[in-house]
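Pasted below: structure33.cif, mmCIF, C-alpha atoms.
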data_target
loop_
_atom_site.label_atom_id
_atom_site.label_comp_id
_atom_site.auth_asym_id
_atom_site.auth_seq_id
_atom_site.Cartn_x
_atom_site.Cartn_y
_atom_site.Cartn_z
CA MET K 1 60.84 131.55 83.68
CA LYS K 2 62.17 128.62 85.66
CA ARG K 3 63.56 129.72 89.03
CA ILE K 4 66.69 127.81 89.99
CA THR K 5 69.03 127.55 92.98
CA ILE K 6 72.58 126.36 92.37
CA LEU K 7 74.25 124.55 95.26
CA GLY K 8 77.98 124.55 94.56
CA ALA K 9 77.94 127.37 92.04
CA THR K 10 81.72 127.84 91.93
CA GLY K 11 82.59 124.25 91.03
CA SER K 12 82.80 122.58 87.65
CA VAL K 13 79.12 121.61 87.38
CA GLY K 14 78.02 124.91 88.88
CA SER K 15 80.08 126.86 86.36
CA SER K 16 78.66 124.85 83.45
CA THR K 17 75.15 125.43 84.79
CA LEU K 18 75.73 129.17 84.97
CA ASP K 19 77.06 129.13 81.41
CA LEU K 20 73.80 127.60 80.18
CA VAL K 21 71.73 129.99 82.29
CA ALA K 22 73.57 132.96 80.77
CA ARG K 23 72.83 131.63 77.28
CA ASN K 24 69.11 131.34 78.08
CA PRO K 25 68.19 134.53 79.97
CA ASP K 26 64.54 134.25 78.92
CA ARG K 27 64.19 130.75 80.43
CA PHE K 28 65.97 130.87 83.80
CA ALA K 29 66.12 133.17 86.82
CA VAL K 30 68.60 132.41 89.61
CA GLU K 31 67.21 132.48 93.13
CA ALA K 32 70.36 131.56 95.06
CA VAL K 33 73.96 130.51 94.54
CA THR K 34 76.16 128.85 97.14
CA ALA K 35 79.81 127.95 97.66
CA GLY K 36 81.93 126.32 100.33
CA ARG K 37 84.81 128.77 100.91
CA ASP K 38 85.49 130.64 97.67
CA TRP K 39 83.72 133.88 98.57
CA ARG K 40 85.45 135.90 95.84
CA ARG K 41 84.21 133.67 93.04
CA LEU K 42 80.79 133.40 94.68
CA ALA K 43 80.46 137.20 94.74
CA GLU K 44 81.39 137.33 91.05
CA VAL K 45 78.89 134.70 89.92
CA ALA K 46 76.11 136.07 92.14
CA GLN K 47 76.40 139.44 90.45
CA ALA K 48 76.86 138.00 86.97
CA CYS K 49 73.71 135.87 87.11
CA GLY K 50 71.60 138.33 89.10
CA ALA K 51 70.99 135.95 91.99
CA ARG K 52 68.69 137.05 94.78
CA GLN K 53 70.84 135.40 97.45
CA ALA K 54 74.42 134.20 97.97
CA VAL K 55 75.34 131.71 100.69
CA ILE K 56 78.84 130.77 101.84
CA ALA K 57 78.93 127.48 103.76
CA ASP K 58 82.01 128.41 105.78
CA ALA K 59 80.75 131.11 108.16
CA ALA K 60 84.32 132.38 108.61
CA PHE K 61 83.98 134.16 105.25
CA HIS K 62 80.61 135.78 105.92
CA ALA K 63 82.04 139.28 106.40
CA GLU K 64 84.15 139.11 103.24
CA LEU K 65 81.20 138.01 101.11
CA LYS K 66 78.92 140.63 102.65
CA ASP K 67 81.45 143.39 101.91
CA ALA K 68 81.96 142.15 98.35
CA LEU K 69 78.22 142.26 97.65
CA SER K 70 77.49 145.46 99.56
CA GLY K 71 75.17 147.73 97.61
CA THR K 72 74.15 145.05 95.08
CA GLY K 73 70.85 144.17 96.74
CA ILE K 74 71.89 140.50 96.90
CA ALA K 75 71.05 138.94 100.27
CA VAL K 76 74.03 137.31 101.99
CA SER K 77 74.06 134.51 104.56
CA ALA K 78 76.55 131.96 105.85
CA GLY K 79 76.89 128.59 107.55
CA PRO K 80 75.52 125.07 107.05
CA GLU K 81 72.02 126.01 108.25
CA ALA K 82 71.88 128.91 105.79
CA LEU K 83 72.81 126.44 103.06
CA VAL K 84 69.89 124.22 104.03
CA GLU K 85 67.51 127.18 104.16
CA ALA K 86 68.58 128.28 100.68
CA ALA K 87 67.87 124.79 99.35
CA ARG K 88 64.50 124.74 101.08
CA ALA K 89 63.42 128.17 99.78
CA PRO K 90 60.86 128.34 96.94
CA ALA K 91 62.33 127.48 93.54
CA ASP K 92 61.40 125.38 90.53
CA LEU K 93 64.66 123.46 90.45
CA VAL K 94 67.70 123.01 92.69
CA MET K 95 70.97 122.07 91.03
CA ALA K 96 72.70 119.94 93.67
CA ALA K 97 76.38 120.22 92.73
CA ILE K 98 78.16 120.25 96.10
CA VAL K 99 80.90 117.63 96.12
CA GLY K 100 80.92 114.98 98.84
CA ALA K 101 78.71 114.15 101.80
CA ALA K 102 78.50 117.87 102.63
CA GLY K 103 75.88 118.14 99.90
CA LEU K 104 73.47 115.73 101.60
CA PRO K 105 71.62 118.02 104.09
CA PRO K 106 70.74 120.79 101.59
CA THR K 107 69.84 118.29 98.86
CA LEU K 108 67.56 116.38 101.21
CA ALA K 109 66.01 119.69 102.33
CA ALA K 110 65.15 120.56 98.73
CA LEU K 111 63.45 117.19 98.21
CA GLU K 112 61.54 117.53 101.48
CA ALA K 113 60.29 120.90 100.23
CA GLY K 114 58.95 119.20 97.11
CA THR K 115 61.38 120.94 94.76
CA THR K 116 62.70 119.25 91.64
CA VAL K 117 66.36 118.35 92.22
CA ALA K 118 68.92 118.03 89.44
CA LEU K 119 71.39 115.76 91.18
CA ALA K 120 75.09 116.09 90.40
CA ASN K 121 76.12 114.97 93.89
CA LYS K 122 76.40 111.19 93.79
CA GLU K 123 77.73 110.98 97.37
CA ALA K 124 74.37 112.13 98.77
CA LEU K 125 72.58 109.15 97.24
CA VAL K 126 75.39 106.79 98.20
CA CYS K 127 75.19 107.86 101.86
CA ALA K 128 71.44 108.23 102.22
CA GLY K 129 69.73 107.08 99.05
CA SER K 130 66.79 105.50 100.87
CA LEU K 131 66.10 108.73 102.78
CA MET K 132 66.30 110.82 99.62
CA THR K 133 64.11 108.64 97.45
CA ALA K 134 61.57 108.31 100.26
CA ALA K 135 61.46 112.10 100.61
CA ALA K 136 60.94 112.47 96.86
CA ARG K 137 58.05 109.97 96.90
CA ARG K 138 56.49 111.64 99.92
CA THR K 139 56.53 115.17 98.48
CA GLY K 140 56.24 114.36 94.79
CA ALA K 141 59.60 115.95 94.00
CA ASP K 142 61.32 114.89 90.80
CA LEU K 143 64.90 113.63 91.14
CA LEU K 144 66.74 114.23 87.84
CA PRO K 145 70.20 112.70 87.38
CA VAL K 146 72.95 114.98 86.11
CA ASP K 147 75.92 112.60 86.13
CA SER K 148 76.47 111.89 82.43
CA GLU K 149 76.00 108.14 82.87
CA HIS K 150 72.79 108.31 84.88
CA ASN K 151 71.40 111.06 82.71
CA ALA K 152 72.10 108.82 79.71
CA ILE K 153 70.15 105.96 81.31
CA PHE K 154 67.34 108.35 82.25
CA GLN K 155 67.04 109.43 78.61
CA VAL K 156 66.71 105.90 77.19
CA LEU K 157 64.96 104.04 80.02
CA GLU K 158 61.44 103.07 78.96
CA SER K 159 60.25 100.78 81.74
CA LYS K 160 62.35 99.04 84.37
CA GLU K 161 60.03 96.01 84.23
CA ARG K 162 61.31 95.30 80.71
CA VAL K 163 64.98 95.93 81.51
CA GLU K 164 67.49 93.09 81.61
CA ARG K 165 70.60 95.13 82.38
CA ILE K 166 71.89 98.68 82.67
CA THR K 167 75.51 99.43 81.82
CA LEU K 168 77.40 102.51 82.96
CA THR K 169 80.50 103.35 80.97
CA ALA K 170 83.83 104.42 82.46
CA SER K 171 86.69 106.17 80.70
CA GLY K 172 89.17 104.08 82.68
CA GLY K 173 90.95 107.21 83.91
CA PRO K 174 94.55 108.28 83.29
CA PHE K 175 96.08 105.01 84.57
CA ARG K 176 93.99 102.52 82.60
CA SER K 177 97.04 100.85 81.05
CA LEU K 178 99.44 101.10 84.02
CA SER K 179 100.54 98.13 86.11
CA LEU K 180 100.11 98.05 89.88
CA ASP K 181 103.84 98.72 90.31
CA GLU K 182 103.60 101.76 88.05
CA MET K 183 100.57 103.07 89.91
CA ARG K 184 102.46 102.99 93.23
CA ALA K 185 104.52 105.94 92.04
CA VAL K 186 101.82 108.17 90.51
CA THR K 187 101.44 111.67 91.92
CA PRO K 188 98.37 113.75 92.74
CA ALA K 189 99.19 116.02 89.80
CA GLU K 190 99.08 113.01 87.47
CA ALA K 191 95.89 111.66 89.02
CA VAL K 192 93.90 114.86 88.47
CA ARG K 193 94.81 115.06 84.77
CA HIS K 194 91.81 113.22 83.39
CA PRO K 195 92.24 112.17 79.75
CA THR K 196 88.70 113.09 78.71
CA TRP K 197 86.70 115.13 81.22
CA SER K 198 87.44 118.45 82.90
CA MET K 199 86.54 117.90 86.57
CA GLY K 200 87.49 118.86 90.10
CA ALA K 201 90.38 117.20 91.95
CA LYS K 202 88.34 114.80 94.10
CA ILE K 203 86.20 113.38 91.31
CA SER K 204 89.25 113.15 89.04
CA VAL K 205 91.03 110.97 91.60
CA ASP K 206 87.87 108.88 92.01
CA SER K 207 87.86 108.38 88.25
CA ALA K 208 91.51 107.32 88.35
CA THR K 209 90.80 104.64 91.01
CA LEU K 210 87.44 103.66 89.41
CA MET K 211 85.79 104.43 92.75
CA ASN K 212 83.74 106.99 90.87
CA LYS K 213 82.15 104.20 88.85
CA GLY K 214 81.52 102.19 91.99
CA LEU K 215 79.73 105.13 93.59
CA GLU K 216 77.72 105.54 90.40
CA LEU K 217 76.57 101.90 90.57
CA ILE K 218 75.16 102.57 94.04
CA GLU K 219 73.58 105.78 92.78
CA ALA K 220 72.01 103.92 89.83
CA TRP K 221 70.54 101.33 92.20
CA HIS K 222 68.72 104.07 94.11
CA LEU K 223 67.67 106.02 91.03
CA PHE K 224 66.34 103.21 88.87
CA GLY K 225 65.22 100.58 91.37
CA LEU K 226 66.90 97.58 89.77
CA ARG K 227 68.67 94.66 91.42
CA PRO K 228 72.44 94.99 91.94
CA ASP K 229 73.01 92.11 89.51
CA GLN K 230 71.26 94.13 86.78
CA LEU K 231 73.91 96.87 86.97
CA ALA K 232 77.17 96.62 85.06
CA VAL K 233 80.27 98.66 84.19
CA LEU K 234 82.09 98.75 80.89
CA VAL K 235 85.30 100.69 80.20
CA HIS K 236 84.92 102.95 77.17
CA PRO K 237 88.01 105.20 76.83
CA GLN K 238 86.46 107.54 74.24
CA SER K 239 83.66 108.58 76.65
CA LEU K 240 81.14 109.01 73.85
CA VAL K 241 78.66 106.29 74.85
CA HIS K 242 77.57 107.26 78.36
CA GLY K 243 75.06 104.56 79.21
CA LEU K 244 73.28 101.53 77.76
CA VAL K 245 69.99 99.86 78.59
CA GLU K 246 69.51 96.26 77.48
CA TYR K 247 65.90 95.08 77.29
CA VAL K 248 64.47 91.58 77.62
CA ASP K 249 63.93 91.32 73.85
CA GLY K 250 67.65 91.81 73.16
CA SER K 251 67.42 95.47 72.14
CA VAL K 252 70.14 97.76 73.52
CA LEU K 253 69.48 101.49 73.64
CA ALA K 254 72.47 103.78 74.15
CA GLN K 255 72.87 107.51 74.65
CA LEU K 256 75.86 109.13 72.94
CA GLY K 257 77.21 112.63 73.31
CA PRO K 258 80.41 114.65 73.56
CA ALA K 259 82.41 114.60 76.79
CA ASP K 260 80.93 117.90 77.94
CA MET K 261 78.86 118.15 81.12
CA ARG K 262 76.72 120.87 79.60
CA VAL K 263 74.81 118.18 77.70
CA PRO K 264 73.36 116.34 80.75
CA ILE K 265 73.06 119.61 82.67
CA ALA K 266 71.02 121.13 79.85
CA HIS K 267 68.79 118.07 79.77
CA ALA K 268 68.08 118.34 83.49
CA LEU K 269 67.58 122.11 83.43
CA ALA K 270 65.08 122.03 80.58
CA TRP K 271 63.37 118.70 81.35
CA PRO K 272 60.87 117.66 80.08
CA GLU K 273 61.85 119.96 77.21
CA ARG K 274 65.30 120.52 75.64
CA ILE K 275 67.47 123.55 75.06
CA ALA K 276 70.31 124.21 72.63
CA THR K 277 73.90 123.91 73.83
CA PRO K 278 77.14 125.22 72.28
CA VAL K 279 78.93 121.86 72.56
CA GLU K 280 80.77 120.29 69.67
CA ARG K 281 78.60 117.80 67.80
CA LEU K 282 79.67 114.18 67.34
CA ASN K 283 81.07 113.21 63.95
CA LEU K 284 80.73 109.42 64.00
CA ALA K 285 82.35 109.02 60.60
CA ALA K 286 85.44 110.86 61.83
CA ILE K 287 85.45 108.87 65.08
CA GLY K 288 85.38 105.66 63.04
CA ARG K 289 85.14 103.12 65.85
CA LEU K 290 84.04 102.74 69.47
CA GLU K 291 86.14 100.72 71.92
CA PHE K 292 85.00 98.84 75.01
CA GLU K 293 86.67 96.54 77.54
CA GLU K 294 85.90 94.91 80.87
CA PRO K 295 87.17 96.77 83.97
CA ASP K 296 90.15 95.23 85.79
CA ARG K 297 89.12 94.80 89.42
CA ILE K 298 92.58 93.55 90.42
CA ARG K 299 94.39 96.72 89.39
CA PHE K 300 91.40 98.84 90.40
CA PRO K 301 90.04 97.22 93.59
CA ALA K 302 87.94 100.28 94.48
CA LEU K 303 85.30 99.16 92.00
CA ALA K 304 85.05 95.74 93.63
CA LEU K 305 84.81 97.34 97.08
CA ALA K 306 81.89 99.49 95.93
CA GLU K 307 80.14 96.51 94.34
CA ALA K 308 80.51 94.56 97.58
CA ALA K 309 79.19 97.50 99.61
CA LEU K 310 76.15 97.73 97.32
CA ALA K 311 75.48 94.01 97.69
CA ALA K 312 75.84 94.19 101.50
CA GLY K 313 73.60 97.25 101.81
CA GLN K 314 72.71 98.87 105.15
CA CYS K 315 75.48 101.31 106.17
CA ARG K 316 78.19 99.89 103.92
CA PRO K 317 77.87 102.48 101.12
CA CYS K 318 78.00 105.31 103.68
CA VAL K 319 81.19 103.89 105.23
CA LEU K 320 82.65 103.37 101.77
CA ASN K 321 82.03 106.97 100.77
CA ALA K 322 83.31 108.52 104.01
CA ALA K 323 86.50 106.45 104.01
CA ASN K 324 87.10 107.25 100.37
CA GLU K 325 86.73 111.00 100.93
CA VAL K 326 89.28 110.85 103.75
CA ALA K 327 91.68 108.71 101.72
CA VAL K 328 91.46 110.87 98.60
CA ALA K 329 92.07 114.02 100.64
CA ALA K 330 95.10 112.33 102.23
CA PHE K 331 96.45 111.33 98.82
CA LEU K 332 95.98 114.82 97.41
CA GLY K 333 97.79 116.15 100.49
CA GLY K 334 100.72 113.81 99.99
CA ALA K 335 100.11 111.76 103.14
CA ILE K 336 99.53 108.41 101.39
CA GLY K 337 100.14 106.85 97.99
CA PHE K 338 97.68 106.26 95.19
CA LEU K 339 97.21 102.55 95.91
CA ASP K 340 96.67 103.33 99.59
CA ILE K 341 93.32 104.95 98.76
CA ALA K 342 91.52 101.66 98.13
CA ALA K 343 93.46 100.00 100.97
CA VAL K 344 92.24 102.58 103.49
CA VAL K 345 88.67 102.10 102.27
CA GLU K 346 88.97 98.32 102.54
CA ASP K 347 90.42 98.52 106.07
CA SER K 348 87.65 100.90 107.14
CA LEU K 349 84.91 98.65 105.78
CA ALA K 350 86.43 95.69 107.62
CA ALA K 351 86.67 97.62 110.89
CA LEU K 352 83.12 98.98 110.98
CA ALA K 353 79.74 97.27 110.98
CA PRO K 354 77.14 99.78 112.23
CA GLY K 355 73.45 99.23 111.55
CA CYS K 356 71.17 100.57 108.87
CA PRO K 357 70.74 104.39 108.95
CA GLU K 358 67.11 105.43 109.33
CA THR K 359 67.49 109.18 109.83
CA LEU K 360 69.81 111.96 108.72
CA ASP K 361 71.32 111.94 112.22
CA ASP K 362 72.09 108.24 111.80
CA VAL K 363 73.83 108.93 108.51
CA SER K 364 75.83 111.77 110.07
CA ALA K 365 76.93 109.56 112.96
CA ILE K 366 78.04 106.71 110.67
CA ASP K 367 79.79 109.16 108.39
CA ALA K 368 81.68 110.73 111.31
CA GLU K 369 82.70 107.36 112.75
CA ALA K 370 83.90 106.11 109.37
CA ARG K 371 85.94 109.25 108.81
CA ALA K 372 87.62 108.91 112.20
CA VAL K 373 88.49 105.26 111.56
CA ALA K 374 89.71 106.00 108.04
CA GLN K 375 91.93 108.78 109.36
CA GLN K 376 93.54 106.30 111.75
CA PHE K 377 94.35 103.98 108.85
CA VAL K 378 95.69 106.94 106.86
CA SER K 379 98.00 107.82 109.76
CA LYS K 380 99.23 104.25 110.08
CA ARG K 381 100.00 104.00 106.38
CA GLY K 382 101.68 107.40 106.41
CA GLU K 383 103.86 106.36 109.35
CA ARG K 384 104.88 103.14 107.61
CA ALA K 385 105.75 104.99 104.43
CA PHE K 386 107.82 107.52 106.36
CA ALA K 387 109.63 104.73 108.22
CA GLY K 388 110.32 102.97 104.93
CA LYS K 389 111.82 106.10 103.43
CA ARG K 390 114.06 106.54 106.49
CA ARG K 391 115.32 102.96 106.20
CA ALA K 392 115.91 103.41 102.47
CA GLY K 393 117.81 106.62 103.17
#
Output the file's structure in the form of structure tokens.
Amino acid sequence: MKRITILGATGSVGSSTLDLVARNPDRFAVEAVTAGRDWRRLAEVAQACGARQAVIADAAFHAELKDALSGTGIAVSAGPEALVEAARAPADLVMAAIVGAAGLPPTLAALEAGTTVALANKEALVCAGSLMTAAARRTGADLLPVDSEHNAIFQVLESKERVERITLTASGGPFRSLSLDEMRAVTPAEAVRHPTWSMGAKISVDSATLMNKGLELIEAWHLFGLRPDQLAVLVHPQSLVHGLVEYVDGSVLAQLGPADMRVPIAHALAWPERIATPVERLNLAAIGRLEFEEPDRIRFPALALAEAALAAGQCRPCVLNAANEVAVAAFLGGAIGFLDIAAVVEDSLAALAPGCPETLDDVSAIDAEARAVAQQFVSKRGERAFAGKRRAG
């Protein structure tokens, strides 16, 4: 039995993980499940999977979770420190599926404990990739990618010394064919309707701006140890080819699979073995053809911003991620427009130039400063938009 802890058990990746666990009761035992605020759903999944412990990150919901699990024998704790302790506790694998920079401390704690981490939280590597990979080397912990693109590369990567280029594919999101003028008017409801994948709101918006692919480039740099100029992006609307590795002899190896996160999750859970999944199998004859195109960095400047942040290094990826999280939240809340997301990130990158983070405290300080600056730019853009509407009225 492989003992697993699921950080972010109520989200999309967490739910898919629990589905696979339920289908393989003889292979997996759940040590702990965690959630941010959704104590009701956390109580349900904790009981359903027989977890030993349930942790709610927001301590304000500690009493509710404790009451919901009263008499079950499931230990209950709350708060950020409890989250870190759950990640640090003995387990064979930690599924790191907390969205955003909030997932960094517990994920780093798991690596420092020497536990294998199945990483579905790209923001943690973007913010503190050097700290995480150093911790993994120091303790011998395996870092297994769960993002479909990085998992694809992981499956077909033979030796980085023989690699010429790695290509991550992008669906292009729901606005792939829209003009800039058309994108000015898109709504949060439209942005979260991804044409291929079923994901949470934040990552769906990141996919729509192509920031998601930019973050994944930074993640790939940390995971695979290649030069930035060896990393590429290709738009592939069908989302069937998830990653390609081109070798020095001209060979290109690609991983294909259905647009279902249970495939890469299953690979990480069972690694170095494999387990069966219930996903629909590919019928290449029925598909007929595969389409690819270059990404448009004019209509989708977020990708170019991420590439520039990767090339600049130091704190730039951390600032990029923090500003993006603030901007996406503001867009989803109706405070700014869709095109303002990349603009807020660009303004924040231009306004800040802190040094290279060497500790988790350094990362936290840069993250906090970037969020504060990004919020100022959000407010300015919101005020201008409001003033414009008043003049138009």
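Once K:Arg3 and its same-chain neighbours fewer than 4 positions away are set aside, Val21, Pro25, Asp26, Arg27, Phe28, Ala29, Val30, Glu31, Ala32, Val33, Gly50, Ala51, Arg52, Ala89, Pro90, Ala91, Asp92, Leu93, Val94, Met95, Thr115, Thr116, Leu269 and Ala270 of chain K remain within 12 Å of it when counting all atoms listed in the file.
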Near-K:Pro188 list (12 Å; all atoms listed in the file; drop same-chain fewer than 4 positions) as a VMD selection string: chain K and resid 174 183 to 184 192 to 194 201 to 202 204 to 206 208 to 209 328 to 339 341
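Atom to atom, atom CA of K:Ala110 and atom CA of K:Ala75 stand 19.4 Å apart.
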Matched chain/residue IDs from the PyMOL selection byres ((chain K and resi 370) around 12), as a PDB file with C-alpha atoms, in the coordinates of the input:
ATOM      1  CA  CYS K 127      75.190 107.860 101.860  1.00  0.00           C
ATOM      2  CA  CYS K 315      75.480 101.310 106.170  1.00  0.00           C
ATOM      3  CA  ARG K 316      78.190  99.890 103.920  1.00  0.00           C
ATOM      4  CA  PRO K 317      77.870 102.480 101.120  1.00  0.00           C
ATOM      5  CA  CYS K 318      78.000 105.310 103.680  1.00  0.00           C
ATOM      6  CA  VAL K 319      81.190 103.890 105.230  1.00  0.00           C
ATOM      7  CA  LEU K 320      82.650 103.370 101.770  1.00  0.00           C
ATOM      8  CA  ASN K 321      82.030 106.970 100.770  1.00  0.00           C
ATOM      9  CA  ALA K 322      83.310 108.520 104.010  1.00  0.00           C
ATOM     10  CA  ALA K 323      86.500 106.450 104.010  1.00  0.00           C
ATOM     11  CA  ASN K 324      87.100 107.250 100.370  1.00  0.00           C
ATOM     12  CA  GLU K 325      86.730 111.000 100.930  1.00  0.00           C
ATOM     13  CA  VAL K 326      89.280 110.850 103.750  1.00  0.00           C
ATOM     14  CA  ALA K 327      91.680 108.710 101.720  1.00  0.00           C
ATOM     15  CA  VAL K 344      92.240 102.580 103.490  1.00  0.00           C
ATOM     16  CA  VAL K 345      88.670 102.100 102.270  1.00  0.00           C
ATOM     17  CA  GLU K 346      88.970  98.320 102.540  1.00  0.00           C
ATOM     18  CA  ASP K 347      90.420  98.520 106.070  1.00  0.00           C
ATOM     19  CA  SER K 348      87.650 100.900 107.140  1.00  0.00           C
ATOM     20  CA  LEU K 349      84.910  98.650 105.780  1.00  0.00           C
ATOM     21  CA  ALA K 350      86.430  95.690 107.620  1.00  0.00           C
ATOM     22  CA  ALA K 351      86.670  97.620 110.890  1.00  0.00           C
ATOM     23  CA  LEU K 352      83.120  98.980 110.980  1.00  0.00           C
ATOM     24  CA  ALA K 353      79.740  97.270 110.980  1.00  0.00           C
ATOM     25  CA  PRO K 354      77.140  99.780 112.230  1.00  0.00           C
ATOM     26  CA  VAL K 363      73.830 108.930 108.510  1.00  0.00           C
ATOM     27  CA  SER K 364      75.830 111.770 110.070  1.00  0.00           C
ATOM     28  CA  ALA K 365      76.930 109.560 112.960  1.00  0.00           C
ATOM     29  CA  ILE K 366      78.040 106.710 110.670  1.00  0.00           C
ATOM     30  CA  ASP K 367      79.790 109.160 108.390  1.00  0.00           C
ATOM     31  CA  ALA K 368      81.680 110.730 111.310  1.00  0.00           C
ATOM     32  CA  GLU K 369      82.700 107.360 112.750  1.00  0.00           C
ATOM     33  CA  ARG K 371      85.940 109.250 108.810  1.00  0.00           C
ATOM     34  CA  ALA K 372      87.620 108.910 112.200  1.00  0.00           C
ATOM     35  CA  VAL K 373      88.490 105.260 111.560  1.00  0.00           C
ATOM     36  CA  ALA K 374      89.710 106.000 108.040  1.00  0.00           C
ATOM     37  CA  GLN K 375      91.930 108.780 109.360  1.00  0.00           C
ATOM     38  CA  GLN K 376      93.540 106.300 111.750  1.00  0.00           C
ATOM     39  CA  PHE K 377      94.350 103.980 108.850  1.00  0.00           C
TER      40      PHE K 377
END
Per-axis box centre and lengths in Å around stretch 212-223 of chain K, 6 Å margin per side, axis-aligned, as JSON:
{"center_x": 75.7, "center_y": 104.2, "center_z": 91.5, "size_x": 28.1, "size_y": 17.7, "size_z": 17.3}
Between atom CA of K:Cys49 and atom CA of K:Thr139 - distance in Å to one decimal: 29.2 Å
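Of note, atom CA of K:Ala97 and atom CA of K:Ala109 are spaced 14.1 Å apart.
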Starting from the shown file, work through the PyMOL selection byres ((chain K and resi 211) around 9) and note down what comes out as a PDB file with C-alpha atoms, in the frame of the given file.
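So expr.pdb came out as:
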ATOM      1  CA  VAL K 205      91.030 110.970  91.600  1.00  0.00           C
ATOM      2  CA  ASP K 206      87.870 108.880  92.010  1.00  0.00           C
ATOM      3  CA  SER K 207      87.860 108.380  88.250  1.00  0.00           C
ATOM      4  CA  ALA K 208      91.510 107.320  88.350  1.00  0.00           C
ATOM      5  CA  THR K 209      90.800 104.640  91.010  1.00  0.00           C
ATOM      6  CA  LEU K 210      87.440 103.660  89.410  1.00  0.00           C
ATOM      7  CA  ASN K 212      83.740 106.990  90.870  1.00  0.00           C
ATOM      8  CA  LYS K 213      82.150 104.200  88.850  1.00  0.00           C
ATOM      9  CA  GLY K 214      81.520 102.190  91.990  1.00  0.00           C
ATOM     10  CA  LEU K 215      79.730 105.130  93.590  1.00  0.00           C
ATOM     11  CA  GLU K 216      77.720 105.540  90.400  1.00  0.00           C
ATOM     12  CA  PHE K 300      91.400  98.840  90.400  1.00  0.00           C
ATOM     13  CA  PRO K 301      90.040  97.220  93.590  1.00  0.00           C
ATOM     14  CA  ALA K 302      87.940 100.280  94.480  1.00  0.00           C
ATOM     15  CA  LEU K 303      85.300  99.160  92.000  1.00  0.00           C
ATOM     16  CA  ALA K 304      85.050  95.740  93.630  1.00  0.00           C
ATOM     17  CA  LEU K 305      84.810  97.340  97.080  1.00  0.00           C
ATOM     18  CA  ALA K 306      81.890  99.490  95.930  1.00  0.00           C
ATOM     19  CA  ASN K 324      87.100 107.250 100.370  1.00  0.00           C
ATOM     20  CA  ALA K 342      91.520 101.660  98.130  1.00  0.00           C
TER      21      ALA K 342
END
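The environment of K:Ala35 within 10 Å, counting only C-alpha atoms and disregarding residues fewer than 2 places along the same chain, consists of K:Ile6, K:Leu7, K:Gly8, K:Ala9, K:Thr10, K:Gly11, K:Gly14, K:Val33, K:Arg37, K:Asp38, K:Trp39, K:Arg40, K:Arg41, K:Leu42, K:Ala43, K:Ala54, K:Val55, K:Ile56, K:Ala57, K:Asp58, K:Ala78, K:Leu83, K:Ala97, K:Ile98.
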Take stretch 67-79 of chain K, bring it up to N, CA and C atoms, and give me the output as a PDB file, in the coordinates of the input.
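Resulting contents of selection-v2.pdb:
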ATOM      1  N   ASP K  67      80.793 142.173 102.406  1.00  0.00           N
ATOM      2  CA  ASP K  67      81.450 143.390 101.910  1.00  0.00           C
ATOM      3  C   ASP K  67      81.509 143.395 100.390  1.00  0.00           C
ATOM      4  N   ALA K  68      81.826 142.231  99.799  1.00  0.00           N
ATOM      5  CA  ALA K  68      81.960 142.150  98.350  1.00  0.00           C
ATOM      6  C   ALA K  68      80.644 142.421  97.635  1.00  0.00           C
ATOM      7  N   LEU K  69      79.529 142.077  98.288  1.00  0.00           N
ATOM      8  CA  LEU K  69      78.220 142.260  97.650  1.00  0.00           C
ATOM      9  C   LEU K  69      77.448 143.454  98.213  1.00  0.00           C
ATOM     10  N   SER K  70      78.122 144.267  98.993  1.00  0.00           N
ATOM     11  CA  SER K  70      77.490 145.460  99.560  1.00  0.00           C
ATOM     12  C   SER K  70      76.985 146.378  98.457  1.00  0.00           C
ATOM     13  N   GLY K  71      75.738 146.813  98.579  1.00  0.00           N
ATOM     14  CA  GLY K  71      75.170 147.730  97.610  1.00  0.00           C
ATOM     15  C   GLY K  71      74.575 147.066  96.376  1.00  0.00           C
ATOM     16  N   THR K  72      74.675 145.745  96.259  1.00  0.00           N
ATOM     17  CA  THR K  72      74.150 145.050  95.080  1.00  0.00           C
ATOM     18  C   THR K  72      72.685 144.647  95.237  1.00  0.00           C
ATOM     19  N   GLY K  73      72.208 144.626  96.484  1.00  0.00           N
ATOM     20  CA  GLY K  73      70.850 144.170  96.740  1.00  0.00           C
ATOM     21  C   GLY K  73      70.749 142.661  96.868  1.00  0.00           C
ATOM     22  N   ILE K  74      71.881 141.960  96.772  1.00  0.00           N
ATOM     23  CA  ILE K  74      71.890 140.500  96.900  1.00  0.00           C
ATOM     24  C   ILE K  74      71.984 140.140  98.382  1.00  0.00           C
ATOM     25  N   ALA K  75      71.040 139.360  98.874  1.00  0.00           N
ATOM     26  CA  ALA K  75      71.050 138.940 100.270  1.00  0.00           C
ATOM     27  C   ALA K  75      72.223 137.978 100.501  1.00  0.00           C
ATOM     28  N   VAL K  76      72.853 138.112 101.660  1.00  0.00           N
ATOM     29  CA  VAL K  76      74.030 137.310 101.990  1.00  0.00           C
ATOM     30  C   VAL K  76      73.793 136.565 103.300  1.00  0.00           C
ATOM     31  N   SER K  77      74.122 135.274 103.321  1.00  0.00           N
ATOM     32  CA  SER K  77      74.060 134.510 104.560  1.00  0.00           C
ATOM     33  C   SER K  77      75.182 133.483 104.554  1.00  0.00           C
ATOM     34  N   ALA K  78      75.404 132.856 105.722  1.00  0.00           N
ATOM     35  CA  ALA K  78      76.550 131.960 105.850  1.00  0.00           C
ATOM     36  C   ALA K  78      76.254 130.839 106.828  1.00  0.00           C
ATOM     37  N   GLY K  79      76.990 129.728 106.642  1.00  0.00           N
ATOM     38  CA  GLY K  79      76.890 128.590 107.550  1.00  0.00           C
ATOM     39  C   GLY K  79      76.071 127.453 106.986  1.00  0.00           C
TER      40      GLY K  79
END
